[in-house]
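What follows is the content of input_38.txt (compact mmCIF, C-alpha atoms).
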```txt
# COMPACT_ATOMS: atom_id res chain seq x y z
CA MET A 7 -74.38 2.31 92.50
CA GLN A 8 -70.76 3.35 91.88
CA MET A 9 -70.35 6.76 90.26
CA LYS A 10 -68.12 7.01 87.20
CA ALA A 11 -65.00 9.11 87.83
CA ALA A 12 -65.20 12.50 86.15
CA HIS A 13 -62.68 13.31 83.45
CA PRO A 14 -60.10 15.96 84.38
CA SER A 15 -60.10 19.28 82.58
CA LEU A 16 -57.21 19.91 80.20
CA SER A 17 -55.66 22.26 82.77
CA GLU A 18 -55.90 19.57 85.46
CA LEU A 19 -54.42 16.98 83.11
CA VAL A 20 -51.49 19.28 82.32
CA ASP A 21 -50.86 19.79 86.06
CA ARG A 22 -50.93 16.05 86.68
CA LEU A 23 -48.52 15.32 83.85
CA GLN A 24 -46.05 17.94 85.03
CA ALA A 25 -46.25 16.62 88.59
CA SER A 26 -45.29 13.19 87.24
CA GLY A 27 -42.31 14.66 85.35
CA ARG A 28 -43.82 14.56 81.87
CA TYR A 29 -43.77 17.68 79.68
CA VAL A 30 -45.34 16.58 76.39
CA LEU A 31 -48.89 15.71 75.42
CA THR A 32 -50.50 14.83 72.09
CA ALA A 33 -53.96 15.95 71.09
CA ARG A 34 -55.05 12.32 70.82
CA GLU A 35 -53.91 11.61 74.39
CA ALA A 36 -55.61 14.77 75.62
CA GLN A 37 -58.92 13.82 73.99
CA ARG A 38 -58.72 10.33 75.45
CA ASP A 39 -57.94 11.49 78.98
CA THR A 40 -60.27 14.51 79.17
CA GLY A 41 -63.16 13.15 77.15
CA LEU A 42 -63.38 16.44 75.24
CA ARG A 43 -64.49 16.63 71.63
CA ARG A 44 -61.95 17.95 69.17
CA ASP A 45 -63.35 21.48 68.95
CA ALA A 46 -63.69 21.76 72.74
CA LEU A 47 -60.13 20.51 73.18
CA GLN A 48 -58.84 23.08 70.68
CA LYS A 49 -60.53 25.89 72.61
CA ALA A 50 -59.16 24.66 75.93
CA ALA A 51 -55.67 24.30 74.43
CA ARG A 52 -55.80 27.83 72.98
CA ARG A 53 -56.60 29.22 76.43
CA LEU A 54 -53.59 27.43 77.93
CA VAL A 55 -51.35 28.57 75.08
CA LEU A 56 -52.43 32.19 75.63
CA ALA A 57 -51.68 31.73 79.34
CA ASP A 58 -48.18 30.41 78.51
CA ARG A 59 -49.05 27.09 80.10
CA LEU A 60 -48.71 25.17 76.82
CA CYS A 61 -46.96 25.71 73.51
CA SER A 62 -47.50 23.78 70.30
CA PRO A 63 -44.52 23.54 67.92
CA ARG A 64 -46.43 21.07 65.73
CA GLU A 65 -50.17 20.65 65.23
CA GLY A 66 -51.40 17.94 67.56
CA PHE A 67 -48.34 18.10 69.81
CA PHE A 68 -48.18 20.16 73.00
CA VAL A 69 -45.31 21.04 75.31
CA ILE A 70 -46.07 21.86 78.94
CA VAL A 71 -44.42 25.11 80.06
CA PRO A 72 -43.35 25.18 83.72
CA LEU A 73 -43.44 28.46 85.63
CA GLU A 74 -39.70 29.08 85.36
CA TYR A 75 -39.91 29.02 81.55
CA GLN A 76 -43.11 30.98 81.03
CA SER A 77 -41.23 34.15 80.08
CA ALA A 78 -39.49 32.17 77.31
CA GLY A 79 -42.76 30.54 76.26
CA SER A 80 -41.26 27.04 76.29
CA PRO A 81 -38.76 24.83 78.10
CA PRO A 82 -35.53 24.15 76.16
CA PRO A 83 -36.00 22.07 72.98
CA ALA A 84 -33.76 19.41 74.51
CA TRP A 85 -36.64 18.62 76.88
CA PHE A 86 -39.00 17.54 74.10
CA VAL A 87 -37.09 16.96 70.83
CA HIS A 88 -37.04 13.17 71.19
CA ASP A 89 -40.80 13.00 71.79
CA LEU A 90 -41.46 15.52 69.02
CA MET A 91 -39.57 13.49 66.43
CA ALA A 92 -41.28 10.29 67.60
CA PHE A 93 -44.61 12.08 67.09
CA VAL A 94 -43.52 13.21 63.61
CA GLY A 95 -42.33 9.68 62.84
CA GLN A 96 -38.88 10.52 61.47
CA PRO A 97 -35.36 9.53 62.57
CA TYR A 98 -33.30 12.41 63.90
CA TYR A 99 -30.31 13.65 65.75
CA VAL A 100 -29.39 17.02 67.18
CA GLY A 101 -26.62 18.26 64.90
CA LEU A 102 -24.53 21.06 63.41
CA LEU A 103 -24.09 24.12 65.64
CA SER A 104 -26.42 22.75 68.33
CA ALA A 105 -24.39 19.54 68.59
CA ALA A 106 -21.13 21.48 68.54
CA ALA A 107 -22.37 23.59 71.47
CA ILE A 108 -23.32 20.44 73.39
CA HIS A 109 -19.77 19.14 72.79
CA GLY A 110 -18.34 22.37 74.21
CA ALA A 111 -17.77 24.42 71.05
CA ALA A 112 -19.99 27.33 71.99
CA HIS A 113 -18.03 30.44 71.00
CA GLN A 114 -21.38 31.89 69.98
CA GLN A 115 -24.60 30.27 71.15
CA PRO A 116 -26.59 29.05 68.12
CA GLN A 117 -29.67 31.15 67.37
CA GLU A 118 -31.74 28.06 66.60
CA PHE A 119 -31.93 24.44 67.64
CA GLN A 120 -30.74 22.38 64.68
CA ILE A 121 -32.07 18.90 64.02
CA VAL A 122 -30.92 16.59 61.23
CA THR A 123 -33.61 14.29 59.84
CA SER A 124 -34.59 12.25 56.80
CA ALA A 125 -37.28 14.36 55.11
CA PRO A 126 -38.11 18.07 54.90
CA LEU A 127 -39.92 19.69 57.81
CA PRO A 128 -40.83 23.36 58.17
CA MET A 129 -39.20 25.41 60.89
CA MET A 130 -41.09 25.06 64.18
CA LEU A 131 -41.51 27.61 66.94
CA ALA A 132 -41.74 26.78 70.62
CA GLY A 133 -42.04 30.04 72.50
CA ARG A 134 -38.92 32.00 71.59
CA ALA A 135 -37.08 28.85 70.46
CA ARG A 136 -36.72 28.09 66.75
CA LEU A 137 -36.31 24.48 65.64
CA ARG A 138 -34.58 24.22 62.26
CA PHE A 139 -34.47 20.95 60.31
CA VAL A 140 -31.73 19.85 57.91
CA VAL A 141 -32.34 16.93 55.56
CA LYS A 142 -29.66 14.28 55.17
CA ARG A 143 -29.67 10.99 53.33
CA GLY A 144 -28.56 8.08 55.46
CA VAL A 145 -29.34 9.91 58.69
CA LYS A 146 -29.78 6.59 60.53
CA ALA A 147 -26.18 5.61 59.72
CA THR A 148 -24.65 8.75 61.23
CA PRO A 149 -22.88 7.99 64.54
CA THR A 150 -24.72 9.50 67.50
CA GLU A 151 -24.54 9.39 71.25
CA SER A 152 -27.37 9.55 73.76
CA ARG A 153 -27.29 12.67 75.94
CA LYS A 154 -29.31 12.90 79.12
CA THR A 155 -31.72 15.80 79.44
CA ASP A 156 -33.87 17.04 82.31
CA THR A 157 -36.74 14.93 80.99
CA GLY A 158 -35.04 11.90 79.43
CA ALA A 159 -32.50 11.69 76.62
CA MET A 160 -31.85 12.86 73.07
CA ALA A 161 -29.66 11.70 70.19
CA VAL A 162 -26.70 13.97 69.35
CA SER A 163 -24.17 13.50 66.54
CA THR A 164 -20.71 12.50 67.77
CA PRO A 165 -17.96 15.16 67.62
CA GLU A 166 -16.55 13.56 64.46
CA ALA A 167 -19.92 13.38 62.69
CA THR A 168 -20.63 16.94 63.81
CA ALA A 169 -17.38 18.21 62.27
CA LEU A 170 -18.21 16.62 58.92
CA ASP A 171 -21.78 17.94 58.98
CA LEU A 172 -20.60 21.49 59.70
CA VAL A 173 -18.55 21.38 56.51
CA ARG A 174 -21.23 19.54 54.53
CA TYR A 175 -23.84 22.21 55.35
CA PRO A 176 -21.87 25.49 55.47
CA LYS A 177 -24.94 27.72 54.98
CA ALA A 178 -26.77 26.22 57.95
CA SER A 179 -23.50 26.45 59.91
CA GLY A 180 -23.08 30.19 59.42
CA GLY A 181 -20.57 30.08 56.55
CA LEU A 182 -17.04 28.69 56.28
CA GLY A 183 -15.59 31.35 58.58
CA ASN A 184 -17.94 30.33 61.36
CA VAL A 185 -17.29 26.65 60.62
CA ALA A 186 -13.56 27.29 61.13
CA THR A 187 -14.31 29.11 64.39
CA VAL A 188 -16.41 26.23 65.72
CA LEU A 189 -13.87 23.63 64.57
CA SER A 190 -11.11 25.46 66.45
CA GLU A 191 -13.01 24.68 69.67
CA LEU A 192 -14.36 21.27 68.65
CA VAL A 193 -10.96 19.92 67.54
CA GLU A 194 -10.01 18.96 71.11
CA ARG A 195 -12.91 16.48 71.12
CA LEU A 196 -12.03 14.85 67.79
CA ASP A 197 -10.43 11.43 67.50
CA GLY A 198 -8.41 11.03 64.29
CA PRO A 199 -9.13 7.35 63.51
CA ARG A 200 -12.83 7.78 64.34
CA LEU A 201 -12.98 10.86 62.12
CA ALA A 202 -11.54 8.94 59.16
CA LYS A 203 -13.89 6.01 59.82
CA VAL A 204 -16.98 8.27 59.77
CA ALA A 205 -15.76 10.01 56.61
CA ARG A 206 -15.21 6.68 54.84
CA SER A 207 -18.58 5.29 55.93
CA GLU A 208 -20.43 8.37 54.71
CA GLY A 209 -18.50 8.26 51.44
CA GLU A 210 -18.34 12.01 50.83
CA ARG A 211 -14.71 12.55 49.93
CA ALA A 212 -15.26 16.19 48.96
CA THR A 213 -16.56 16.99 52.45
CA ALA A 214 -13.61 15.16 54.01
CA GLN A 215 -11.17 17.10 51.80
CA ARG A 216 -12.66 20.44 52.82
CA LEU A 217 -12.69 19.43 56.48
CA GLY A 218 -9.05 18.33 56.34
CA TYR A 219 -8.03 21.63 54.77
CA LEU A 220 -9.90 23.60 57.45
CA LEU A 221 -8.40 21.51 60.25
CA ASP A 222 -4.91 22.31 58.97
CA ARG A 223 -5.84 26.00 58.77
CA ILE A 224 -6.86 26.11 62.44
CA GLY A 225 -3.89 24.10 63.70
CA GLY A 226 -5.79 20.83 64.05
CA GLY A 227 -3.56 18.79 61.76
CA GLY A 228 -2.84 16.40 64.59
CA VAL A 229 -6.21 14.73 64.18
CA SER A 230 -6.33 14.71 60.38
CA GLY A 231 -3.54 12.20 59.62
CA GLU A 232 -5.80 9.19 58.99
CA LEU A 233 -8.10 11.38 56.94
CA ALA A 234 -5.19 12.60 54.81
CA ARG A 235 -3.99 9.04 54.20
CA TRP A 236 -7.44 8.00 53.02
CA ILE A 237 -7.70 11.00 50.68
CA GLY A 238 -4.21 10.31 49.33
CA LYS A 239 -4.96 6.66 48.58
CA SER A 240 -8.36 7.36 47.03
CA ARG A 241 -6.99 9.57 44.26
CA ALA A 242 -9.56 12.20 45.06
CA ARG A 243 -10.35 14.76 42.39
CA VAL A 244 -9.77 18.46 43.08
CA VAL A 245 -12.75 20.18 44.71
CA PRO A 246 -13.36 23.86 45.48
CA LEU A 247 -13.27 24.84 49.14
CA ARG A 248 -16.49 26.78 48.74
CA PRO A 249 -18.85 24.61 46.69
CA THR A 250 -19.65 27.28 44.11
CA ARG A 251 -18.41 28.19 40.63
CA VAL A 252 -14.68 27.53 40.21
CA ILE A 253 -12.49 30.35 38.90
CA ARG A 254 -9.35 29.42 36.98
CA GLY A 255 -5.94 30.36 38.31
CA LEU A 256 -6.71 29.97 42.03
CA PRO A 257 -4.20 28.30 44.39
CA LYS A 258 -4.57 24.61 45.10
CA ASP A 259 -3.76 22.76 48.30
CA GLU A 260 -1.99 19.62 47.06
CA LYS A 261 -2.33 17.67 50.30
CA TRP A 262 -6.12 17.88 50.37
CA ARG A 263 -6.64 18.50 46.66
CA VAL A 264 -8.72 21.56 47.46
CA LEU A 265 -8.97 24.61 45.22
CA VAL A 266 -8.81 27.58 47.59
CA ASN A 267 -11.59 29.82 46.29
CA ALA A 268 -12.37 31.43 49.67
CA GLU A 269 -10.41 33.12 52.46
CA VAL A 270 -11.23 31.43 55.75
CA GLU A 271 -10.19 32.78 59.13
CA PRO A 272 -11.70 31.79 62.48
CA ASP A 273 -13.03 34.60 64.63
CA GLU A 274 -10.61 36.25 67.02
CA GLY A 275 -10.72 35.03 70.55
CA THR A 276 -11.10 31.34 69.72
CA GLY A 277 -8.73 28.67 70.85
```
As a first step, turn the structure in this file into structure tokens.
Amino acid sequence: MQMKAAHPSLSELVDRLQASGRYVLTAREAQRDTGLRRDALQKAARRLVLADRLCSPREGFFVIVPLEYQSAGSPPPAWFVHDLMAFVGQPYYVGLLSAAAIHGAAHQQPQEFQIVTSAPLPMMLAGRARLRFVVKRGVKATPTESRKTDTGAMAVSTPEATALDLVRYPKASGGLGNVATVLSELVERLDGPRLAKVARSEGERATAQRLGYLLDRIGGGGVSGELARWIGKSRARVVPLRPTRVIRGLPKDEKWRVLVNAEVEPDEGTG
């Protein structure tokens, strides 16, 4: 009589998955493959989390931590963000400061991994890494490119979409001064016609006006010509540079129709 193969322990399953090059595991998959009941699986998972063998940024979703990343408590978010967002069931792309760094604008490494998605999600922790989510309408329409990672690929906003998002979400981007700093490094990756096309498709003229003004401030006017022509033809209304209360008597940039209610200077040492 043929004996039924014994189920692996959770630790053995984790080792097998890592050996095959996979670094994520859901609770449902773990229960299926180990045969453990839910409470037993939770206990086994807690032991592996305490041993820095697993981390769990989201309930029911585990990330396998290889030896070289045990001191950090997690491999880089790029290793698992695509699988995490598939598990959550929301569209996404890596954006803002994280995307800018991937495109080479890394004057200061972002303190968190920023993900743009369609509905609110709480901040998640994976070891020492913080995953911050920004909600955007029409996230699926934002131009992205696929970037290879050590474990597969992830979606990242294009340089042009990244530039617009940095201005659209100044608080998440560290304020307008930091946005100017990042743009001064990102500008070399921007294509003028593509930038105008993305701005038109997203339909946020105010964001495009603020971006155009900032590009001129950092010496990136060479890529803003198409954007300026679109703003000029659209008869855009005047908008404040910083989207807060407008104070009368402030200077106005006629080209971009921007009321300059904030002093913006990129950090020293940027290009």
Open item on the list: Taking 6 positions as the minimum chain separation for residues in the same chain, which residues sit within 12 Å of Glu151 (chain A) when counting only C-alpha atoms? Answer as a list in words.
Closed with: Tyr98, Tyr99, Val100, Gly101, Ala105, Ile108, His109, Ala159, Met160, Ala161, Val162, Ser163, Thr164, Pro165, Glu166, Ala167 and Thr168 of chain A
Restricting it to C-alpha atoms, dump the selection as an mmCIF file, in the frame of the given file.
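Listed below is the output, again-v9.cif:
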```
data_model
loop_
_atom_site.group_PDB
_atom_site.id
_atom_site.type_symbol
_atom_site.label_atom_id
_atom_site.label_comp_id
_atom_site.auth_asym_id
_atom_site.auth_seq_id
_atom_site.Cartn_x
_atom_site.Cartn_y
_atom_site.Cartn_z
ATOM 1 C CA TYR A 98 -33.300 12.410 63.900
ATOM 2 C CA TYR A 99 -30.310 13.650 65.750
ATOM 3 C CA VAL A 100 -29.390 17.020 67.180
ATOM 4 C CA GLY A 101 -26.620 18.260 64.900
ATOM 5 C CA ALA A 105 -24.390 19.540 68.590
ATOM 6 C CA ILE A 108 -23.320 20.440 73.390
ATOM 7 C CA HIS A 109 -19.770 19.140 72.790
ATOM 8 C CA ALA A 159 -32.500 11.690 76.620
ATOM 9 C CA MET A 160 -31.850 12.860 73.070
ATOM 10 C CA ALA A 161 -29.660 11.700 70.190
ATOM 11 C CA VAL A 162 -26.700 13.970 69.350
ATOM 12 C CA SER A 163 -24.170 13.500 66.540
ATOM 13 C CA THR A 164 -20.710 12.500 67.770
ATOM 14 C CA PRO A 165 -17.960 15.160 67.620
ATOM 15 C CA GLU A 166 -16.550 13.560 64.460
ATOM 16 C CA ALA A 167 -19.920 13.380 62.690
ATOM 17 C CA THR A 168 -20.630 16.940 63.810
#
```
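Closest approach to Arg136 (chain A) from the set A:Ser104, A:Gln120, A:Ser17, A:Ser179 is made by A:Gln120, with distances taken over only C-alpha atoms.
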Within 8 Å of region 58-63 of chain A, which residues of region 90-188 of chain A show up? Give each one with its shortest atom-to-atom distance in Å (one decimal) and the two atoms involved, counting only C-alpha atoms, rows by chain then rising residue number, as JSON lines.
```
{"residue": "A:Met130", "atom": "CA", "partner": "A:Pro63", "partner_atom": "CA", "distance": 5.3}
{"residue": "A:Leu131", "atom": "CA", "partner": "A:Pro63", "partner_atom": "CA", "distance": 5.2}
{"residue": "A:Ala132", "atom": "CA", "partner": "A:Pro63", "partner_atom": "CA", "distance": 5.1}
{"residue": "A:Gly133", "atom": "CA", "partner": "A:Cys61", "partner_atom": "CA", "distance": 6.6}
```
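Using only C-alpha atoms for every distance, the candidate list A:Arg134, A:Lys154, A:Arg43, A:Lys49 yields A:Lys154 as the residue closest to Ala84 (chain A).
Here the question is which of A:Gly181, A:Gly218, A:Pro176, A:Pro72 gets nearest to Ala25 (chain A) using only C-alpha atoms, and that residue is A:Pro72.
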Find the smallest box with edges along x, y and z containing every listed atom of region 63-71 of chain A, then add 6 Å on each side and report centre and edge lengths in Å to one decimal, as lines of an AutoDock Vina configuration file.
```
center_x = -47.9
center_y = 21.5
center_z = 72.6
size_x = 19.0
size_y = 19.2
size_z = 26.8
```
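Between CA of Ala106 (chain A) and CA of Val188 (chain A) the separation is 7.3 Å.
CA of Pro126 (chain A) is positioned 15.3 Å from CA of Lys146 (chain A).
For the choices A:Leu172, A:Ala51, A:Val122, A:Leu137, the atom-to-atom distance to Phe86 (chain A) is smallest for A:Leu137 when using only C-alpha atoms.
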